[in-house]
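Note: the block below is query.txt and it holds compact mmCIF, C-alpha atoms.
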```txt
# COMPACT_ATOMS: atom_id res chain seq x y z
CA MET Y 1 26.02 -10.63 -5.14
CA LYS Y 2 23.39 -8.63 -6.88
CA TRP Y 3 20.62 -10.62 -5.25
CA PHE Y 4 21.86 -9.29 -1.92
CA LEU Y 5 21.33 -5.69 -3.07
CA PHE Y 6 17.80 -6.60 -4.11
CA PHE Y 7 17.31 -8.27 -0.77
CA LEU Y 8 18.49 -5.10 1.05
CA THR Y 9 16.22 -2.92 -1.08
CA GLY Y 10 13.35 -5.23 -0.15
CA ILE Y 11 14.19 -4.86 3.53
CA ALA Y 12 14.12 -1.06 3.24
CA GLY Y 13 10.72 -1.20 1.55
CA GLY Y 14 9.45 -3.74 4.06
CA VAL Y 15 10.52 -1.66 7.07
CA LEU Y 16 8.59 1.32 5.76
CA GLY Y 17 5.62 -0.90 4.95
CA GLY Y 18 5.76 -2.43 8.41
CA MET Y 19 5.63 1.02 9.91
CA GLY Y 20 2.49 1.76 7.94
CA MET Y 21 4.05 4.24 5.57
CA GLY Y 22 3.38 2.56 2.27
CA GLY Y 23 6.78 1.09 1.54
CA GLY Y 24 5.79 0.08 -1.97
CA THR Y 25 5.53 3.68 -3.03
CA LEU Y 26 9.30 3.97 -2.51
CA LEU Y 27 10.20 0.41 -3.48
CA ILE Y 28 8.97 0.92 -7.04
CA PRO Y 29 11.00 4.10 -7.80
CA ALA Y 30 14.02 2.54 -6.04
CA LEU Y 31 13.85 -0.47 -8.34
CA THR Y 32 13.50 1.64 -11.47
CA THR Y 33 16.10 4.32 -10.65
CA PHE Y 34 18.81 2.32 -8.85
CA PHE Y 35 18.49 -0.93 -10.77
CA GLY Y 36 17.06 0.27 -14.05
CA LEU Y 37 14.17 -2.17 -13.99
CA PRO Y 38 11.21 -1.41 -16.26
CA GLN Y 39 8.28 0.27 -14.52
CA LYS Y 40 5.98 -2.71 -15.12
CA SER Y 41 8.49 -5.15 -13.62
CA ALA Y 42 8.93 -2.96 -10.54
CA GLN Y 43 5.16 -2.83 -10.09
CA ALA Y 44 4.88 -6.59 -10.51
CA ILE Y 45 7.60 -7.13 -7.90
CA ASN Y 46 5.92 -4.78 -5.46
CA LEU Y 47 2.59 -6.58 -5.84
CA ALA Y 48 4.15 -10.01 -5.34
CA ALA Y 49 6.33 -8.87 -2.42
CA PHE Y 50 3.29 -7.61 -0.56
CA ILE Y 51 1.53 -10.97 -0.58
CA PRO Y 52 3.53 -13.10 1.94
CA MET Y 53 3.85 -10.30 4.47
CA SER Y 54 0.22 -9.29 4.31
CA ALA Y 55 -0.96 -12.90 4.42
CA ILE Y 56 0.72 -13.34 7.80
CA ALA Y 57 -0.46 -9.93 9.01
CA SER Y 58 -4.02 -10.64 7.90
CA LEU Y 59 -4.11 -13.94 9.70
CA ILE Y 60 -2.97 -12.32 12.96
CA HIS Y 61 -5.33 -9.35 12.61
CA PHE Y 62 -8.22 -11.62 11.72
CA ASN Y 63 -7.67 -13.88 14.71
CA LYS Y 64 -7.49 -10.87 17.00
CA GLY Y 65 -10.79 -9.62 15.65
CA ARG Y 66 -9.35 -6.41 14.20
CA VAL Y 67 -10.79 -6.90 10.73
CA GLU Y 68 -14.16 -5.25 10.18
CA ARG Y 69 -15.94 -8.16 8.55
CA ASP Y 70 -19.30 -6.50 8.19
CA GLY Y 71 -19.75 -5.58 4.54
CA LEU Y 72 -16.17 -6.49 3.66
CA GLY Y 73 -17.33 -8.08 0.39
CA PHE Y 74 -18.67 -4.70 -0.72
CA ILE Y 75 -15.10 -3.41 -0.66
CA ILE Y 76 -13.23 -6.49 -1.88
CA VAL Y 77 -15.34 -7.32 -4.95
CA PRO Y 78 -15.27 -3.86 -6.59
CA ALA Y 79 -11.62 -3.49 -5.59
CA ALA Y 80 -10.67 -6.81 -7.20
CA LEU Y 81 -12.66 -6.06 -10.37
CA ALA Y 82 -11.21 -2.55 -10.72
CA SER Y 83 -7.75 -3.88 -10.01
CA ALA Y 84 -8.02 -6.64 -12.62
CA ALA Y 85 -9.15 -4.10 -15.23
CA THR Y 86 -6.35 -1.63 -14.50
CA SER Y 87 -3.76 -4.43 -14.25
CA PHE Y 88 -4.57 -5.41 -17.85
CA LEU Y 89 -4.46 -1.75 -18.80
CA ALA Y 90 -1.07 -1.25 -17.12
CA ASN Y 91 0.42 -4.32 -18.80
CA ALA Y 92 -0.89 -3.25 -22.20
CA SER Y 93 0.28 0.34 -21.86
CA GLY Y 94 3.69 1.74 -22.66
CA GLY Y 95 6.14 1.79 -19.78
CA ASP Y 96 6.95 5.49 -20.19
CA VAL Y 97 3.34 6.61 -19.83
CA LEU Y 98 2.96 4.39 -16.81
CA LYS Y 99 6.08 5.85 -15.21
CA LYS Y 100 4.81 9.39 -15.66
CA LEU Y 101 1.42 8.50 -14.22
CA PHE Y 102 3.10 6.78 -11.31
CA GLY Y 103 5.22 9.89 -10.71
CA ALA Y 104 2.12 12.06 -10.56
CA PHE Y 105 0.47 9.56 -8.21
CA LEU Y 106 3.52 9.67 -5.91
CA VAL Y 107 3.46 13.46 -5.76
CA LEU Y 108 -0.23 13.39 -4.83
CA LEU Y 109 0.35 10.77 -2.14
CA ALA Y 110 3.32 12.73 -0.76
CA VAL Y 111 1.27 15.91 -0.44
CA PHE Y 112 -1.61 13.94 1.05
CA GLN Y 113 0.64 12.22 3.56
CA ALA Y 114 2.42 15.43 4.58
CA PHE Y 115 -0.64 17.62 4.97
CA GLY Y 116 -3.66 15.32 5.02
CA GLY Y 117 -3.34 14.21 8.63
CA LYS Y 118 -3.30 17.68 10.13
CA LYS Y 119 -6.65 19.11 9.28
CA GLY Y 120 -8.72 16.59 11.22
CA GLY Y 121 -8.00 18.05 14.66
CA THR Y 122 -8.05 15.86 17.72
CA GLU Y 123 -11.25 14.03 16.87
CA LYS Y 124 -9.90 12.44 13.76
CA PRO Y 125 -7.93 9.23 14.10
CA ARG Y 126 -4.24 9.66 13.53
CA ARG Y 127 -1.98 6.98 12.22
CA LEU Y 128 1.15 5.71 13.86
CA GLU Y 129 0.81 6.67 17.50
CA LYS Y 130 -0.75 4.29 19.94
CA ASP Y 131 -2.92 2.48 17.44
CA VAL Y 132 -0.21 0.86 15.49
CA PRO Y 133 -0.72 -1.86 12.93
CA LEU Y 134 1.00 -5.14 13.58
CA LEU Y 135 2.30 -5.25 10.05
CA GLY Y 136 1.74 -2.31 7.80
CA GLU Y 137 0.03 -1.84 4.50
CA LYS Y 138 1.58 -1.03 1.21
CA MET J 1 -23.24 3.70 13.24
CA LYS J 2 -24.43 7.07 12.07
CA TYR J 3 -24.64 6.06 8.41
CA SER J 4 -27.49 4.10 6.88
CA ILE J 5 -26.78 0.66 5.40
CA ARG J 6 -27.34 2.06 1.93
CA GLN J 7 -24.85 4.91 2.43
CA ARG J 8 -22.38 2.51 3.87
CA ILE J 9 -22.58 0.12 0.93
CA ILE J 10 -22.18 2.95 -1.59
CA TYR J 11 -19.21 4.31 0.33
CA TYR J 12 -17.61 0.86 0.53
CA ILE J 13 -18.05 0.19 -3.19
CA PHE J 14 -16.59 3.57 -4.07
CA ALA J 15 -13.62 3.23 -1.71
CA GLY J 16 -13.00 -0.31 -2.98
CA ALA J 17 -13.11 0.72 -6.62
CA VAL J 18 -10.66 3.61 -6.16
CA THR J 19 -8.32 1.36 -4.19
CA GLY J 20 -8.50 -1.32 -6.89
CA VAL J 21 -7.82 1.14 -9.72
CA CYS J 22 -4.61 2.30 -7.99
CA ASN J 23 -3.54 -1.20 -7.00
CA GLY J 24 -3.76 -2.48 -10.56
CA LEU J 25 -2.49 0.57 -12.40
CA PHE J 26 0.39 1.46 -10.07
CA GLY J 27 1.12 -1.92 -8.52
CA GLY J 28 0.58 -0.58 -5.03
CA GLY J 29 -0.48 2.42 -3.02
CA GLY J 30 -4.00 1.15 -2.48
CA GLY J 31 -3.46 1.05 1.26
CA MET J 32 -2.57 4.69 1.36
CA ILE J 33 -6.04 5.42 0.05
CA LEU J 34 -8.04 2.73 1.82
CA VAL J 35 -6.62 3.23 5.33
CA PRO J 36 -7.60 6.91 5.63
CA ALA J 37 -10.89 6.18 3.85
CA LEU J 38 -11.76 3.45 6.36
CA ALA J 39 -10.40 5.40 9.33
CA PHE J 40 -12.61 8.30 8.39
CA PHE J 41 -15.61 6.04 7.98
CA LEU J 42 -15.09 3.69 10.89
CA GLY J 43 -14.33 6.56 13.25
CA ALA J 44 -11.51 6.39 15.75
CA GLU J 45 -10.51 2.79 15.24
CA THR J 46 -7.29 3.27 13.34
CA LYS J 47 -6.04 -0.20 14.14
CA LYS J 48 -9.20 -1.65 12.66
CA ALA J 49 -8.80 0.48 9.54
CA HIS J 50 -5.25 -0.81 9.05
CA ALA J 51 -6.22 -4.43 9.63
CA THR J 52 -9.26 -4.20 7.35
CA ALA J 53 -7.28 -2.46 4.60
CA ILE J 54 -4.67 -5.23 4.58
CA ALA J 55 -7.42 -7.87 4.46
CA VAL J 56 -8.86 -6.13 1.38
CA ILE J 57 -5.60 -5.43 -0.42
CA LEU J 58 -4.26 -8.97 0.03
CA PRO J 59 -6.76 -10.71 -2.31
CA VAL J 60 -6.70 -7.71 -4.64
CA SER J 61 -2.91 -7.89 -4.90
CA VAL J 62 -3.12 -11.63 -5.60
CA VAL J 63 -5.40 -10.88 -8.57
CA SER J 64 -3.14 -8.06 -9.83
CA ALA J 65 0.08 -10.02 -9.30
CA ALA J 66 -1.35 -12.98 -11.24
CA ILE J 67 -2.19 -10.71 -14.18
CA TYR J 68 1.25 -9.05 -14.14
CA TYR J 69 2.88 -12.47 -13.88
CA SER J 70 0.92 -13.96 -16.75
CA SER J 71 1.81 -10.93 -18.87
CA GLY J 72 5.44 -11.86 -18.39
CA ASN J 73 6.33 -8.78 -16.38
CA PHE J 74 7.56 -10.46 -13.20
CA PRO J 75 11.36 -10.95 -13.25
CA SER J 76 12.02 -13.82 -10.82
CA ALA J 77 15.77 -13.20 -10.43
CA GLU J 78 15.10 -9.75 -8.98
CA GLY J 79 11.60 -10.31 -7.65
CA LEU J 80 12.32 -13.21 -5.31
CA PRO J 81 15.12 -11.59 -3.25
CA VAL J 82 13.13 -8.35 -3.03
CA SER J 83 10.03 -10.22 -1.83
CA PHE J 84 12.03 -12.07 0.79
CA GLY J 85 13.58 -8.78 1.92
CA VAL J 86 10.18 -7.13 2.20
CA ALA J 87 8.95 -9.94 4.45
CA VAL J 88 12.00 -9.56 6.74
CA GLY J 89 11.79 -5.76 6.65
CA GLY J 90 8.09 -5.86 7.40
CA ILE J 91 8.73 -7.69 10.66
CA ILE J 92 11.53 -5.26 11.61
CA GLY J 93 9.31 -2.28 10.78
CA ALA J 94 6.41 -3.61 12.83
CA PHE J 95 8.65 -3.98 15.88
CA ALA J 96 10.46 -0.67 15.34
CA LEU J 97 7.22 1.22 15.05
CA GLY J 98 6.70 1.92 18.72
CA LYS J 99 10.28 2.90 19.37
CA ILE J 100 10.97 5.80 17.07
CA LYS J 101 9.38 9.15 16.42
CA ALA J 102 7.04 8.40 13.57
CA LYS J 103 6.09 11.94 12.69
CA GLY J 104 9.54 13.09 11.58
CA ILE J 105 10.07 9.94 9.55
CA SER J 106 6.68 10.31 7.94
CA LEU J 107 7.56 13.83 6.79
CA LEU J 108 10.96 12.76 5.52
CA PHE J 109 9.28 9.93 3.70
CA SER J 110 6.77 12.34 2.12
CA ALA J 111 9.64 14.51 0.92
CA LEU J 112 11.36 11.48 -0.63
CA MET J 113 8.16 10.42 -2.34
CA PHE J 114 7.70 13.92 -3.67
CA VAL J 115 11.20 14.09 -5.14
CA ALA J 116 10.94 10.59 -6.61
CA GLY J 117 7.53 11.41 -8.08
CA VAL J 118 8.68 14.63 -9.73
CA LYS J 119 11.74 12.86 -11.12
CA MET J 120 9.63 10.12 -12.63
CA PHE J 121 7.13 12.52 -14.06
CA LEU J 122 9.71 14.68 -15.81
```
Show me, as structure tokens, the structure contained in the file I just sent.
Amino acid sequence: MKWFLFFLTGIAGGVLGGMGMGGGTLLIPALTTFFGLPQKSAQAINLAAFIPMSAIASLIHFNKGRVERDGLGFIIVPAALASAATSFLANASGGDVLKKLFGAFLVLLAVFQAFGGKKGGTEKPRRLEKDVPLLGEK
Amino acid sequence: MKYSIRQRIIYYIFAGAVTGVCNGLFGGGGGMILVPALAFFLGAETKKAHATAIAVILPVSVVSAAIYYSSGNFPSAEGLPVSFGVAVGGIIGAFALGKIKAKGISLLFSALMFVAGVKMFL
């Protein structure tokens, strides 16, 4: 029965992700607070859960020509290298430190999400109105 | 494009590195940095920013997930149902997107994130 609760939690995270609101940022604290999973395990689950959904989304976006291919490698390569380094760091670090850091990161993202969109005026692109993503990002 | 190739490359590398640091360290959240970064840089094409961000974060997440997995931190019993749920929820969310007021939800979501973040920090 417990798998069903995990499944439901995944759905909740996925719905938010699909709407482009970064579902993973709530999936991780949900897994640690409601289910008592260690921070590292919750992070690992979030990373893995993102892969199938984004693989399908990427394929669709790519075929529709929505992916800016020009210079893409200049983003992917440093991102992958930085991510590999900090993944090792996260796995080697203590879970408590990681949880605190994650908490601070969440607060920053929350403030950014609540107030960041407003200051751009009409010129700046806004998320979530007409220009919706097919499947969201984490 | 109003930026020179050189400026563009530097901007891309910087945005990619910051996204990667968050993706690896926090196991997510890279998109919340890369989407606005790309939207700002690519101008008005929000849809393109979203699509490009996912295309970047997918391979990056594969790298991170492999490292977490090989460190023995992926619990399959919990991870598999959650992953399946996220895939189902992602489809629902994508379809629901046009039908509900996104702004109110976004603010509610920010408030939830804030509370969760403070709780985790303390």
**Report entry** Spatial neighbours of segment 26-38 of chain J, 6 Å, all atoms listed in the file, chain gap at least 3 places, as a ChimeraX atom specification
**Finding:** /Y:43,47,137-138 /J:19,22-23,41-42,49-50,53
So that each row is one residue of chain J with an atom at most 6 Å from chain Y, can you give its shortest atom pair and the distance in Å to one decimal, using all atoms listed in the file, rows by chain and rising number, as a tab-separated table?
```
residue	atom	partner	partner_atom	distance
J:Tyr12	CA	Y:Ile75	CA	5.1
J:Ile13	CA	Y:Ile75	CA	5.3
J:Gly16	CA	Y:Ala79	CA	4.3
J:Ala17	CA	Y:Ala79	CA	4.6
J:Gly20	CA	Y:Ala79	CA	4.0
J:Val21	CA	Y:Ser83	CA	5.0
J:Asn23	CA	Y:Ser83	CA	5.8
J:Gly24	CA	Y:Ser87	CA	4.2
J:Leu25	CA	Y:Thr86	CA	4.9
J:Gly27	CA	Y:Gln43	CA	4.4
J:Gly29	CA	Y:Lys138	CA	5.8
J:Gly31	CA	Y:Lys138	CA	5.5
J:Ala44	CA	Y:Pro125	CA	4.9
J:Lys47	CA	Y:Asp131	CA	5.3
J:Lys48	CA	Y:Arg66	CA	5.0
J:Ala51	CA	Y:Val67	CA	5.3
J:Thr52	CA	Y:Val67	CA	4.6
J:Ile54	CA	Y:Glu137	CA	5.8
J:Ala55	CA	Y:Ser58	CA	5.6
J:Val56	CA	Y:Ile76	CA	5.5
J:Val60	CA	Y:Ala80	CA	4.8
J:Ser61	CA	Y:Leu47	CA	5.7
J:Ser64	CA	Y:Ser87	CA	5.8
J:Ala65	CA	Y:Leu47	CA	5.5
J:Tyr68	CA	Y:Ala44	CA	5.7
J:Asn73	CA	Y:Ser41	CA	5.0
J:Phe74	CA	Y:Ser41	CA	5.4
J:Gly79	CA	Y:Ile45	CA	5.1
J:Pro81	CA	Y:Phe7	CA	4.7
J:Val82	CA	Y:Gly10	CA	4.3
J:Ser83	CA	Y:Ala49	CA	4.0
J:Gly85	CA	Y:Gly10	CA	4.1
J:Val86	CA	Y:Gly14	CA	3.9
J:Ala87	CA	Y:Met53	CA	5.1
J:Gly89	CA	Y:Gly14	CA	4.0
J:Gly90	CA	Y:Gly14	CA	4.2
J:Ile92	CA	Y:Val15	CA	5.9
J:Gly93	CA	Y:Val15	CA	4.0
J:Ala94	CA	Y:Gly18	CA	4.6
J:Leu97	CA	Y:Met19	CA	5.4
J:Leu107	CA	Y:Ala114	CA	5.8
J:Ser110	CA	Y:Ala110	CA	4.5
J:Met113	CA	Y:Ala110	CA	5.6
J:Phe114	CA	Y:Val107	CA	4.7
J:Gly117	CA	Y:Gly103	CA	3.8
J:Val118	CA	Y:Gly103	CA	5.9
J:Met120	CA	Y:Gly103	CA	4.8
J:Phe121	CA	Y:Lys100	CA	4.2
```
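Straight-line separation from atom CA of Ser71 of chain J to atom CA of Ala116 of chain J: 26.4 Å.
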Requested in this report: Have a look at atom CA of Phe34 of chain Y and atom CA of Val115 of chain J and let me know their distance in Å, one decimal.
Outcome: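 Computing it gives 14.5 Å between the two atoms.
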Query raised in the report: Mind pulling up the distance from atom CA of Tyr69 of chain J to atom CA of Leu112 of chain J?
Result: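 These two atoms are separated by 28.7 Å.
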